[in-house]
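Shown next: work_6.tsv, containing TSV, C-alpha atoms.
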chain	number	residue	atom	x	y	z
T	243	MET	CA	89.99	106.61	93.19
T	244	ILE	CA	89.83	102.81	92.98
T	245	THR	CA	91.09	101.40	89.69
T	246	LEU	CA	89.15	98.56	88.10
T	247	ARG	CA	91.57	96.14	86.49
T	248	SER	CA	90.98	94.25	83.27
T	249	GLN	CA	91.39	90.47	83.25
T	250	ARG	CA	94.71	90.97	81.47
T	251	GLU	CA	95.90	93.25	84.27
T	252	ILE	CA	94.69	90.86	86.94
T	253	GLU	CA	96.72	88.09	85.32
T	254	LYS	CA	99.80	90.33	85.50
T	255	ILE	CA	99.15	90.97	89.19
T	256	ARG	CA	98.71	87.21	89.62
T	257	LYS	CA	102.14	86.55	88.05
T	258	ALA	CA	103.78	89.00	90.47
T	259	SER	CA	101.81	87.57	93.39
T	260	LEU	CA	102.75	83.99	92.57
T	261	ILE	CA	106.43	84.96	92.55
T	262	VAL	CA	105.89	86.36	96.04
T	263	ALA	CA	104.13	83.16	97.12
T	264	GLU	CA	106.98	81.00	95.81
T	265	VAL	CA	109.58	83.12	97.59
T	266	LEU	CA	107.64	82.94	100.88
T	267	LEU	CA	107.37	79.16	100.55
T	268	LYS	CA	111.14	78.89	100.09
T	269	LEU	CA	111.81	81.29	102.96
T	270	LYS	CA	109.64	79.18	105.22
T	271	GLU	CA	112.09	76.31	104.74
T	272	HIS	CA	114.93	78.53	106.00
T	273	VAL	CA	113.15	79.70	109.16
T	274	LEU	CA	115.23	77.72	111.66
T	275	PRO	CA	116.88	78.41	115.02
T	276	GLY	CA	120.18	80.24	114.49
T	277	VAL	CA	119.32	81.76	111.12
T	278	THR	CA	119.56	85.56	111.00
T	279	THR	CA	116.82	87.77	109.63
T	280	PHE	CA	119.45	89.30	107.34
T	281	GLU	CA	120.08	85.87	105.79
T	282	LEU	CA	116.36	85.60	105.05
T	283	ASN	CA	116.48	89.00	103.38
T	284	GLN	CA	119.38	87.93	101.17
T	285	ILE	CA	117.56	84.76	100.15
T	286	SER	CA	114.48	86.78	99.19
T	287	GLU	CA	116.56	89.11	97.01
T	288	ASP	CA	118.31	86.20	95.30
T	289	LEU	CA	115.03	84.43	94.59
T	290	ALA	CA	113.40	87.59	93.23
T	291	ARG	CA	116.36	88.06	90.91
T	292	LYS	CA	115.99	84.48	89.63
T	293	HIS	CA	112.39	85.27	88.76
T	294	LYS	CA	113.52	88.50	87.04
T	295	ALA	CA	111.41	90.46	89.52
T	296	ARG	CA	112.33	93.50	91.60
T	297	PRO	CA	111.75	93.52	95.36
T	298	ALA	CA	108.94	96.01	95.94
T	299	PHE	CA	109.90	97.16	99.43
T	300	LYS	CA	113.58	97.94	98.86
T	301	GLY	CA	113.87	101.71	98.53
T	302	TYR	CA	110.16	102.27	99.18
T	303	GLN	CA	110.01	105.50	101.19
T	304	GLY	CA	113.62	104.84	102.10
T	305	TYR	CA	113.18	101.29	103.44
T	306	PRO	CA	116.59	99.63	102.90
T	307	PHE	CA	115.64	95.94	102.66
T	308	ALA	CA	113.71	93.59	100.36
T	309	LEU	CA	111.95	91.83	103.23
T	310	CYS	CA	110.15	92.78	106.44
T	311	THR	CA	111.00	90.35	109.26
T	312	SER	CA	108.93	90.95	112.39
T	313	VAL	CA	109.72	88.65	115.32
T	314	ASN	CA	107.44	87.99	118.30
T	315	GLU	CA	106.23	91.38	119.64
T	316	GLU	CA	107.22	93.09	116.37
T	317	VAL	CA	103.99	93.66	114.46
T	318	VAL	CA	105.14	94.81	111.01
T	319	HIS	CA	108.10	96.45	109.23
T	320	GLY	CA	110.74	94.64	111.26
T	321	MET	CA	114.13	95.34	109.71
T	322	PRO	CA	116.43	92.41	108.88
T	323	SER	CA	119.65	92.33	110.92
T	324	ARG	CA	122.86	90.31	110.99
T	325	LYS	CA	122.57	90.40	114.77
T	326	ARG	CA	119.04	88.98	115.02
T	327	HIS	CA	119.32	85.21	115.25
T	328	LEU	CA	116.04	83.34	115.32
T	329	GLN	CA	115.48	81.24	118.42
T	330	GLU	CA	113.43	78.13	119.11
T	331	GLY	CA	109.92	79.21	120.08
T	332	ASP	CA	109.94	82.51	118.15
T	333	ILE	CA	107.32	83.40	115.59
T	334	ILE	CA	108.30	85.57	112.62
T	335	SER	CA	106.12	87.52	110.20
T	336	ILE	CA	107.71	87.52	106.75
T	337	ASP	CA	106.25	90.19	104.48
T	338	PHE	CA	107.42	90.36	100.85
T	339	GLY	CA	106.43	92.04	97.62
T	340	VAL	CA	107.71	92.26	94.07
T	341	VAL	CA	107.09	94.23	90.93
T	342	PHE	CA	107.08	92.14	87.76
T	343	ASP	CA	106.19	93.46	84.32
T	344	ASN	CA	105.15	96.75	85.97
T	345	TYR	CA	102.60	95.13	88.31
T	346	PHE	CA	102.91	94.43	92.05
T	347	GLY	CA	102.22	91.44	94.26
T	348	ASP	CA	102.27	91.45	98.08
T	349	SER	CA	101.81	88.73	100.68
T	350	ALA	CA	102.83	87.81	104.22
T	351	ILE	CA	102.94	84.74	106.45
T	352	THR	CA	103.80	84.17	110.09
T	353	VAL	CA	106.08	81.19	110.60
T	354	PRO	CA	107.01	79.24	113.76
T	355	VAL	CA	110.69	78.83	114.58
T	356	GLY	CA	110.98	75.19	115.66
T	357	ARG	CA	108.50	74.22	118.34
T	358	ILE	CA	106.37	77.09	119.61
T	359	SER	CA	103.96	77.44	122.50
T	360	GLU	CA	100.32	76.48	122.15
T	361	GLU	CA	99.47	80.13	122.87
T	362	ALA	CA	101.58	81.29	119.91
T	363	GLN	CA	100.20	78.60	117.61
T	364	LEU	CA	96.61	79.49	118.44
T	365	LEU	CA	97.31	83.17	117.70
T	366	CYS	CA	98.88	82.34	114.33
T	367	THR	CA	95.99	80.04	113.40
T	368	ALA	CA	93.37	82.62	114.37
T	369	THR	CA	95.16	85.35	112.41
T	370	GLU	CA	95.32	83.26	109.24
T	371	GLU	CA	91.69	82.23	109.66
T	372	SER	CA	90.68	85.88	110.15
T	373	LEU	CA	92.33	86.68	106.81
T	374	HIS	CA	90.12	84.09	105.13
T	375	ALA	CA	87.08	85.42	106.99
T	376	GLY	CA	87.84	88.80	105.42
T	377	ILE	CA	88.47	87.30	101.99
T	378	SER	CA	85.08	85.56	102.15
T	379	GLN	CA	83.48	89.02	102.01
T	380	VAL	CA	85.23	89.95	98.74
T	381	VAL	CA	81.99	89.63	96.81
T	382	VAL	CA	80.50	91.94	94.18
T	383	GLY	CA	77.88	94.15	95.84
T	384	ASN	CA	79.32	93.91	99.35
T	385	ARG	CA	80.70	97.02	101.00
T	386	LEU	CA	84.38	97.52	101.71
T	387	SER	CA	83.88	97.53	105.47
T	388	ASP	CA	82.27	94.08	105.31
T	389	ILE	CA	85.84	92.78	104.91
T	390	SER	CA	86.98	94.78	107.94
T	391	HIS	CA	84.06	93.71	110.10
T	392	ALA	CA	84.51	90.02	109.29
T	393	ILE	CA	88.14	90.15	110.38
T	394	GLN	CA	87.44	92.04	113.60
T	395	SER	CA	84.49	89.84	114.55
T	396	TYR	CA	86.49	86.66	114.06
T	397	VAL	CA	89.51	87.92	115.98
T	398	GLU	CA	87.73	89.45	118.94
T	399	SER	CA	85.45	86.43	119.37
T	400	ARG	CA	88.63	84.50	120.13
T	401	GLY	CA	89.95	87.00	122.66
T	402	TYR	CA	92.61	88.71	120.52
T	403	SER	CA	92.93	92.35	119.45
T	404	VAL	CA	93.18	94.06	116.07
T	405	VAL	CA	95.93	96.56	115.27
T	406	ARG	CA	94.39	99.88	114.18
T	407	GLU	CA	97.44	101.80	112.94
T	408	PHE	CA	98.12	99.66	109.87
T	409	VAL	CA	95.70	98.58	107.16
T	410	GLY	CA	95.34	96.62	103.97
T	411	HIS	CA	95.28	98.44	100.64
T	412	GLY	CA	94.57	98.41	96.97
T	413	ILE	CA	97.39	97.13	94.75
T	414	GLY	CA	98.19	97.05	91.05
T	415	GLN	CA	100.65	99.32	89.26
T	416	HIS	CA	101.66	100.72	92.64
T	417	LEU	CA	102.37	98.88	95.87
T	418	HIS	CA	99.84	100.92	97.83
T	419	GLU	CA	96.73	102.15	96.04
T	420	SER	CA	93.23	103.17	97.11
T	421	PRO	CA	91.35	102.06	99.06
T	422	GLN	CA	92.69	101.57	102.56
T	423	ILE	CA	91.22	98.45	104.19
T	424	PRO	CA	91.16	98.54	108.00
T	425	ASN	CA	90.89	95.25	109.86
T	426	TYR	CA	88.11	96.58	112.08
T	427	GLY	CA	84.87	98.52	111.82
T	428	PRO	CA	81.10	98.16	111.36
T	429	PRO	CA	79.72	96.37	108.29
T	430	GLY	CA	77.90	97.98	105.39
T	431	ARG	CA	80.08	101.02	104.90
T	432	GLY	CA	82.43	102.26	102.20
T	433	VAL	CA	82.38	101.67	98.48
T	434	LYS	CA	80.48	98.81	96.88
T	435	LEU	CA	82.79	96.10	95.64
T	436	LYS	CA	83.01	95.72	91.88
T	437	ALA	CA	84.67	93.15	89.67
T	438	GLY	CA	88.20	94.29	88.81
T	439	MET	CA	89.10	95.71	92.20
T	440	VAL	CA	92.30	94.20	93.65
T	441	PHE	CA	93.16	94.33	97.34
T	442	ALA	CA	96.00	93.33	99.63
T	443	ILE	CA	94.16	92.21	102.77
T	444	GLU	CA	96.40	91.85	105.83
T	445	PRO	CA	95.19	91.39	109.40
T	446	MET	CA	97.75	92.15	112.12
T	447	ILE	CA	96.55	90.56	115.34
T	448	ASN	CA	97.90	90.89	118.89
T	449	LEU	CA	97.79	88.50	121.80
T	450	GLY	CA	97.38	91.42	124.20
T	451	ARG	CA	96.47	95.05	123.71
T	452	PRO	CA	95.92	96.47	120.19
T	453	GLU	CA	98.21	99.52	120.54
T	454	VAL	CA	101.61	99.66	118.89
T	455	GLU	CA	104.63	101.96	118.99
T	456	ILE	CA	107.43	102.61	116.51
T	457	LEU	CA	111.02	101.88	117.53
T	458	LYS	CA	113.96	104.26	117.09
T	459	ASP	CA	114.74	102.80	113.64
T	460	LYS	CA	111.51	104.60	112.55
T	461	TRP	CA	110.19	101.43	110.90
T	462	THR	CA	109.69	98.55	113.34
T	463	ALA	CA	106.24	98.57	114.97
T	464	VAL	CA	105.97	96.65	118.26
T	465	THR	CA	103.10	95.94	120.63
T	466	VAL	CA	103.03	98.38	123.56
T	467	ASP	CA	102.71	95.52	126.05
T	468	ARG	CA	105.39	93.48	124.22
T	469	LYS	CA	103.08	90.52	123.78
T	470	ILE	CA	103.35	88.60	120.53
T	471	SER	CA	101.67	89.55	117.26
T	472	ALA	CA	100.90	87.66	114.04
T	473	HIS	CA	100.36	88.84	110.46
T	474	PHE	CA	99.05	87.20	107.29
T	475	GLU	CA	98.34	88.78	103.90
T	476	HIS	CA	97.01	87.82	100.47
T	477	THR	CA	96.49	89.76	97.25
T	478	VAL	CA	92.88	89.19	96.19
T	479	ALA	CA	90.82	90.19	93.13
T	480	VAL	CA	87.08	90.87	93.17
T	481	THR	CA	85.40	88.82	90.43
T	482	ASP	CA	81.84	88.01	89.41
T	483	ASN	CA	82.52	84.50	90.72
T	484	GLY	CA	83.72	85.58	94.16
T	485	PRO	CA	87.19	86.24	95.58
T	486	ASP	CA	90.22	85.18	93.53
T	487	ILE	CA	93.31	84.81	95.74
T	488	LEU	CA	96.11	85.82	93.37
T	489	SER	CA	98.93	85.04	95.83
T	490	HIS	CA	97.80	81.45	96.49
T	491	LEU	CA	99.99	78.72	95.01
Can I see the file as C-alpha cells?
Amino acid sequence: MITLRSQREIEKIRKASLIVAEVLLKLKEHVLPGVTTFELNQISEDLARKHKARPAFKGYQGYPFALCTSVNEEVVHGMPSRKRHLQEGDIISIDFGVVFDNYFGDSAITVPVGRISEEAQLLCTATEESLHAGISQVVVGNRLSDISHAIQSYVESRGYSVVREFVGHGIGQHLHESPQIPNYGPPGRGVKLKAGMVFAIEPMINLGRPEVEILKDKWTAVTVDRKISAHFEHTVAVTDNGPDILSHL
C-alpha cells in the first residue's frame, strides 16, 4: 500500500531530507585523496548529531555504519573502512539518510576524488541527468513505470547500463516503503501517481555490464566486470504542481 502524505507530513520529510542534503554537501568538501571512508562516516555521524537527527542506515538490518561509501566499481552499500584511503582519480558514491521528528530523508551523490578521467566524469554526469529525467515524470496522472522508463531510456541512449538488482522506493515514516521503483522498464505501467506520494528515486548506472555481485561482507555490491558505477538519489514528492525535490538545497 502506498501512503499519501499530507502537506504537513511532506514538510517533515523535507526537514529530514534537507539535513541529509546539508550533510552530503559538507562531506563533498572532505572527499580528498588520502581521506579514509571511515573518516567520512564519522563526519556524517557528527553532523547528524548536530542537527539532532539519527542516521537512518546505522543498525538497519544490521548495517553497522551511518554512511554507505561505494568507490569506483562498488555500486551501492560500500562499507566505510579505516583501511580504504581515497585516491586521486577515484569516484565515490556517498549515500546517507536520517530520521528526524519520526520522518526519513534519503539522498546520494557521486563525487570525484581530485581530477578524474573524462570517462568517469561523463558517467557521473549522465547518471545525475538520468535522475532528473526520472524526476521529470513525477507528475499526477503518470504511471509509476514512466519514471523507470525515462531513466533507462536516457542511460542506454548514452551507452551505459542500468543496475537491475537495486531500486528506488517510497519513503516517509520508514526508510523503505511501497512502492519499489526500478530504474528500467516499459512506460505506462504500475499505479497512477497521486499528490502526496513520496519517493526516493536513485539510478545506479554502470560503465560496463549491468550485473552486480555481493562481496563477502554481505553488503557491498560491485559490478561483475569491475568497471566503474555511479549513483545519485533524491527524495521527491508528487504534487499537483509537479515534482517537489525535498532533498534539494
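The space between atom CA of T:Ser403 and atom CA of T:Gly484 spans 27.8 Å.
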Query raised in the report: What is the atom CA of T:His490-atom CA of T:Phe441 distance in Å, reported with one decimal?
Result: 13.7 Å
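Closest approach to T:Pro485 from the set T:His374, T:Arg385, T:Lys469, T:His416 is made by T:His374, with distances taken over only C-alpha atoms.
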Query raised in the report: Can you tell me how far atom CA of T:Gln284 sits from atom CA of T:Ser335, in Å to one decimal?
Result: 16.0 Å
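The nearest approach to T:Gly339 among the residues T:Gly356, T:Gly414, T:Gly427, T:Gly304, with all atoms listed in the file taken into account, belongs to T:Gly414.
Distances to T:Asn425 were evaluated for T:Gly412, T:Gly301, T:Gly401, T:Pro445 using all atoms listed in the file, and the minimum falls at T:Pro445.
Shortest atom-to-atom contact with T:Ala295 among T:Leu282, T:Phe342, T:Lys254, T:Ile334: T:Phe342, counting only C-alpha atoms.
The residue that comes closest to T:Ala368, out of T:Arg324, T:Asp486, T:Ala308, T:Ile393 and on the basis of all atoms listed in the file, is T:Ile393.
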